[in-house]
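**Student:** Input file: run-v7.csv. Contents: CSV, C-alpha atoms.
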```
chain,number,residue,atom,x,y,z
A,1,MET,CA,-61.4,29.9,-42.5
A,2,ASP,CA,-64.4,31.6,-44.0
A,3,ARG,CA,-65.3,28.5,-46.0
A,4,LYS,CA,-65.1,26.4,-42.8
A,5,ILE,CA,-67.3,28.9,-40.9
A,6,ASN,CA,-69.8,28.9,-43.8
A,7,GLN,CA,-69.8,25.1,-43.8
A,8,LEU,CA,-70.3,24.9,-40.1
A,9,SER,CA,-73.0,27.5,-40.2
A,10,GLU,CA,-74.8,25.5,-42.9
A,11,GLU,CA,-74.5,22.3,-40.9
A,12,ASN,CA,-75.7,24.2,-37.8
A,13,GLY,CA,-78.8,25.3,-39.8
A,14,GLU,CA,-79.4,21.8,-41.0
A,15,LEU,CA,-79.0,20.4,-37.4
A,16,SER,CA,-81.3,23.1,-36.1
A,17,PHE,CA,-83.9,22.2,-38.7
A,18,LYS,CA,-83.6,18.5,-37.8
A,19,LEU,CA,-83.8,19.3,-34.1
A,20,ARG,CA,-87.1,21.3,-34.7
A,21,GLU,CA,-88.4,18.4,-36.7
A,22,ILE,CA,-87.6,15.9,-34.0
A,23,ALA,CA,-89.2,18.1,-31.4
A,24,SER,CA,-92.3,18.4,-33.5
A,25,ASN,CA,-92.4,14.6,-33.9
A,26,MET,CA,-92.0,14.2,-30.1
A,27,VAL,CA,-94.9,16.5,-29.5
A,28,GLN,CA,-97.1,14.6,-31.9
A,29,LEU,CA,-96.0,11.3,-30.3
A,30,GLN,CA,-96.8,12.6,-26.8
A,31,ARG,CA,-100.3,13.7,-28.0
A,32,ALA,CA,-100.9,10.2,-29.5
A,33,LEU,CA,-99.6,8.6,-26.2
A,34,ASN,CA,-102.0,10.8,-24.2
A,35,GLU,CA,-104.9,9.9,-26.4
A,36,LEU,CA,-104.1,6.2,-26.1
A,37,SER,CA,-103.8,6.5,-22.4
A,38,GLU,CA,-107.2,8.2,-22.2
A,39,GLU,CA,-108.7,5.5,-24.5
A,40,HIS,CA,-107.1,2.8,-22.3
A,41,ASN,CA,-108.5,4.4,-19.1
A,42,SER,CA,-111.9,4.7,-20.7
A,43,ALA,CA,-111.9,1.1,-21.9
A,44,MET,CA,-110.8,-0.1,-18.5
A,45,ALA,CA,-113.7,1.8,-16.8
A,46,GLN,CA,-116.2,0.5,-19.3
A,47,SER,CA,-114.8,-3.0,-18.9
A,48,GLN,CA,-115.2,-2.8,-15.1
A,49,GLU,CA,-118.8,-1.4,-15.5
A,50,LYS,CA,-119.6,-4.2,-17.9
A,51,GLN,CA,-118.1,-6.8,-15.6
A,52,GLN,CA,-120.1,-5.5,-12.6
A,53,GLN,CA,-123.3,-5.5,-14.7
A,54,LEU,CA,-122.7,-9.0,-15.9
A,55,GLU,CA,-122.0,-10.2,-12.3
A,56,LYS,CA,-125.3,-8.6,-11.2
A,57,GLU,CA,-127.1,-10.3,-14.1
A,58,LEU,CA,-125.4,-13.6,-13.3
A,59,HIS,CA,-126.4,-13.3,-9.6
A,60,ALA,CA,-130.0,-12.5,-10.5
A,61,ALA,CA,-130.1,-15.4,-13.0
A,62,LEU,CA,-128.7,-17.8,-10.4
A,63,GLN,CA,-131.3,-16.6,-7.9
A,64,ASP,CA,-134.1,-17.1,-10.5
A,65,LYS,CA,-132.8,-20.6,-11.3
A,66,LYS,CA,-132.7,-21.5,-7.6
A,67,CYS,CA,-136.3,-20.3,-7.1
A,68,SER,CA,-137.4,-22.2,-10.2
A,69,GLU,CA,-135.8,-25.3,-9.0
A,70,GLU,CA,-137.5,-25.0,-5.6
A,71,LYS,CA,-140.9,-24.4,-7.4
A,72,ILE,CA,-140.3,-27.5,-9.5
A,73,GLU,CA,-139.5,-29.6,-6.4
A,74,ILE,CA,-142.7,-28.3,-4.7
A,75,LEU,CA,-144.8,-29.0,-7.7
A,76,GLN,CA,-143.3,-32.5,-8.2
A,77,GLY,CA,-144.2,-33.2,-4.6
A,78,LYS,CA,-147.8,-32.0,-5.2
A,79,ILE,CA,-148.0,-34.0,-8.4
A,80,SER,CA,-146.8,-37.1,-6.6
A,81,MET,CA,-149.3,-36.6,-3.7
A,82,LEU,CA,-152.2,-36.0,-6.2
A,83,GLU,CA,-151.2,-39.1,-8.2
A,84,ASP,CA,-151.3,-41.1,-4.9
A,85,GLN,CA,-154.7,-39.7,-4.1
A,86,LEU,CA,-155.9,-40.4,-7.6
A,87,ALA,CA,-154.7,-44.0,-7.3
A,88,LYS,CA,-156.5,-44.4,-4.0
A,89,LEU,CA,-159.7,-43.0,-5.4
A,90,GLU,CA,-159.5,-45.3,-8.4
A,91,GLU,CA,-159.0,-48.3,-6.0
A,92,CYS,CA,-162.0,-47.2,-4.0
A,93,SER,CA,-164.1,-46.7,-7.1
A,94,ALA,CA,-163.2,-50.1,-8.4
A,95,GLN,CA,-164.1,-51.8,-5.1
A,96,GLU,CA,-167.4,-50.0,-4.6
A,97,LYS,CA,-170.3,-51.3,-6.7
A,98,GLY,CA,-172.4,-48.2,-6.7
A,99,GLU,CA,-170.1,-45.3,-7.4
A,100,VAL,CA,-171.0,-42.0,-5.9
A,101,MET,CA,-171.2,-39.1,-8.4
A,102,GLY,CA,-169.2,-36.8,-6.0
A,103,ASP,CA,-166.3,-39.2,-6.0
A,104,ILE,CA,-166.3,-39.2,-9.8
A,105,LEU,CA,-166.3,-35.4,-9.9
A,106,LYS,CA,-163.5,-35.3,-7.3
A,107,LEU,CA,-161.6,-37.9,-9.4
A,108,GLU,CA,-162.0,-35.8,-12.5
A,109,GLU,CA,-161.0,-32.7,-10.6
A,110,LEU,CA,-157.9,-34.4,-9.3
A,111,LYS,CA,-157.0,-35.6,-12.8
A,112,GLN,CA,-157.3,-32.0,-14.1
A,113,GLU,CA,-155.2,-30.7,-11.2
A,114,VAL,CA,-152.5,-33.4,-11.9
A,115,SER,CA,-152.4,-32.5,-15.6
A,116,SER,CA,-152.3,-28.8,-14.7
A,117,LEU,CA,-149.5,-29.3,-12.3
A,118,THR,CA,-147.7,-31.5,-14.8
A,119,ALA,CA,-147.9,-28.8,-17.4
A,120,LYS,CA,-146.8,-26.2,-14.9
A,121,GLY,CA,-143.8,-28.5,-14.0
A,122,VAL,CA,-142.9,-28.8,-17.7
A,123,ARG,CA,-143.1,-25.0,-18.1
A,124,LEU,CA,-140.9,-24.5,-15.0
A,125,GLU,CA,-138.5,-27.1,-16.3
A,126,GLU,CA,-138.3,-25.2,-19.6
A,127,GLU,CA,-137.8,-21.9,-17.7
A,128,LYS,CA,-135.0,-23.6,-15.7
A,129,GLN,CA,-133.3,-24.7,-19.0
A,130,GLN,CA,-133.6,-21.1,-20.3
A,131,LEU,CA,-132.1,-19.8,-17.0
A,132,ASP,CA,-129.3,-22.4,-17.3
A,133,SER,CA,-128.7,-21.2,-20.8
A,134,LEU,CA,-128.7,-17.5,-19.6
A,135,VAL,CA,-126.3,-18.4,-16.8
A,136,SER,CA,-123.9,-20.1,-19.2
A,137,SER,CA,-124.2,-17.1,-21.5
A,138,LEU,CA,-123.5,-14.6,-18.7
A,139,GLN,CA,-120.6,-16.7,-17.5
A,140,ASN,CA,-119.1,-16.7,-21.0
A,141,SER,CA,-119.6,-12.9,-21.2
A,142,LEU,CA,-118.0,-12.5,-17.8
A,143,SER,CA,-115.0,-14.7,-18.9
A,144,GLU,CA,-114.7,-12.6,-22.1
A,145,SER,CA,-114.8,-9.5,-20.1
A,146,HIS,CA,-112.0,-10.8,-17.8
A,147,ARG,CA,-110.0,-11.8,-20.8
A,148,ALA,CA,-110.5,-8.3,-22.4
A,149,GLN,CA,-109.6,-6.7,-19.1
A,150,GLU,CA,-106.4,-8.8,-19.0
A,151,ARG,CA,-105.5,-7.9,-22.6
A,152,LEU,CA,-106.0,-4.2,-21.7
A,153,LYS,CA,-103.7,-4.6,-18.7
```
Translate the structure of the given file into structure tokens.
**Tutor:**
Amino acid sequence: MDRKINQLSEENGELSFKLREIASNMVQLQRALNELSEEHNSAMAQSQEKQQQLEKELHAALQDKKCSEEKIEILQGKISMLEDQLAKLEECSAQEKGEVMGDILKLEELKQEVSSLTAKGVRLEEEKQQLDSLVSSLQNSLSESHRAQERLK
């Protein structure tokens, strides 16, 4: 009987030790779970902030692109009009025998204005391409943000 009591007491001690060990492990696991939850919440908040920022940048880039496209259309119209005027002046000059110096100066001025507007149109076209590239980049970043957000969920 004493031997059985001793054996049961020993087993009870071992089980108590194991129980304390399991409780300790559970506390550690709970802490780790809490830390992961905090990191997850923080990552979600950062992801949402980043997404909002990217959406604002995308909207601004799209507005810039739209403005640039409108400027290009206006400049192309001006270039076309100036080229027409230039062609008319060249016709008039060719028909007149005694050219007037004022018309020549006006013609040169119009040529310079056409080349200036053409260069401006080229610059705006390059700017439009850069904005297109930026829009694509922002859309890719936004997509990545959405995917990251989905992975976090």
**Student:** Find the residues around range 81-88 of chain A up to 7 Å (only C-alpha atoms counted), leave out those fewer than 5 positions away in its own chain, and share them as a PyMOL selection string.
**Tutor:** chain A and resi 107+110+114
**Student:** State, in Å with one decimal place, the distance from CA of Glu39 in chain A to CA of Ser137 in chain A.
**Tutor:**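 Result for CA of Glu39 in chain A versus CA of Ser137 in chain A: 27.6 Å, one decimal.
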**Student:** Using only C-alpha atoms, find all polymer residues with an atom at most 10 Å away from the point (-114.5, -11.3, -16.6); report them as a PyMOL selection string.
**Tutor:** chain A and resi 47-48+50-52+54-55+138-150
**Student:** Figure out the distance between CA of Lys111 in chain A and CA of Lys65 in chain A, please, to one decimal in Å.
**Tutor:** 28.5 Å
**Student:** Would you please work out which residue, of A:His40, A:Arg123, A:Lys56, A:Lys18, is nearest to Glu69 in chain A when using all atoms listed in the file?
**Tutor:**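 Of all the options, A:Arg123 lies closest to Glu69 in chain A.
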**Student:** Rank A:Ala45, A:Leu29, A:Ala61, A:Val122 by their smallest atom-to-atom distance to Leu75 in chain A, using all atoms listed in the file, and report the top residue only.
**Tutor:**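 Of A:Ala45, A:Leu29, A:Ala61, A:Val122, the one nearest Leu75 in chain A, counting all atoms listed in the file, is A:Val122.
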**Student:** May I ask for the distance between CA of Leu62 in chain A and CA of Ser133 in chain A, given in Å to one decimal place?
**Tutor:**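 For CA of Leu62 in chain A relative to CA of Ser133 in chain A, the distance reads 10.9 Å.
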**Student:** Here is a test: counting only C-alpha atoms, which residue of A:Leu89, A:Leu152, A:Met26, A:Leu134 is nearest to Glu57 in chain A?
**Tutor:**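 Ranked by minimum distance to Glu57 in chain A, first place goes to A:Leu134.
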**Student:** Which is closer to His59 in chain A than all the others in A:Val135, A:Leu36, A:Leu124, A:Arg151, using only C-alpha atoms?
**Tutor:**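 Looking only at the distances to His59 in chain A, the closest residue turns out to be A:Val135.
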**Student:** Identify which of the residues A:Asp132, A:Glu73, A:Glu10, A:Glu90 lies closest to Thr118 in chain A, counting all atoms listed in the file when measuring atom-to-atom distances.
**Tutor:**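 Residue with the minimum atom-to-atom distance to Thr118 in chain A: A:Glu73.
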**Student:** Compare A:Ala23, A:Lys153, A:Ile74, A:Leu131 by their minimum atom-to-atom distance to Ala60 in chain A, counting all atoms listed in the file, and give me the closest one.
**Tutor:** A:Leu131
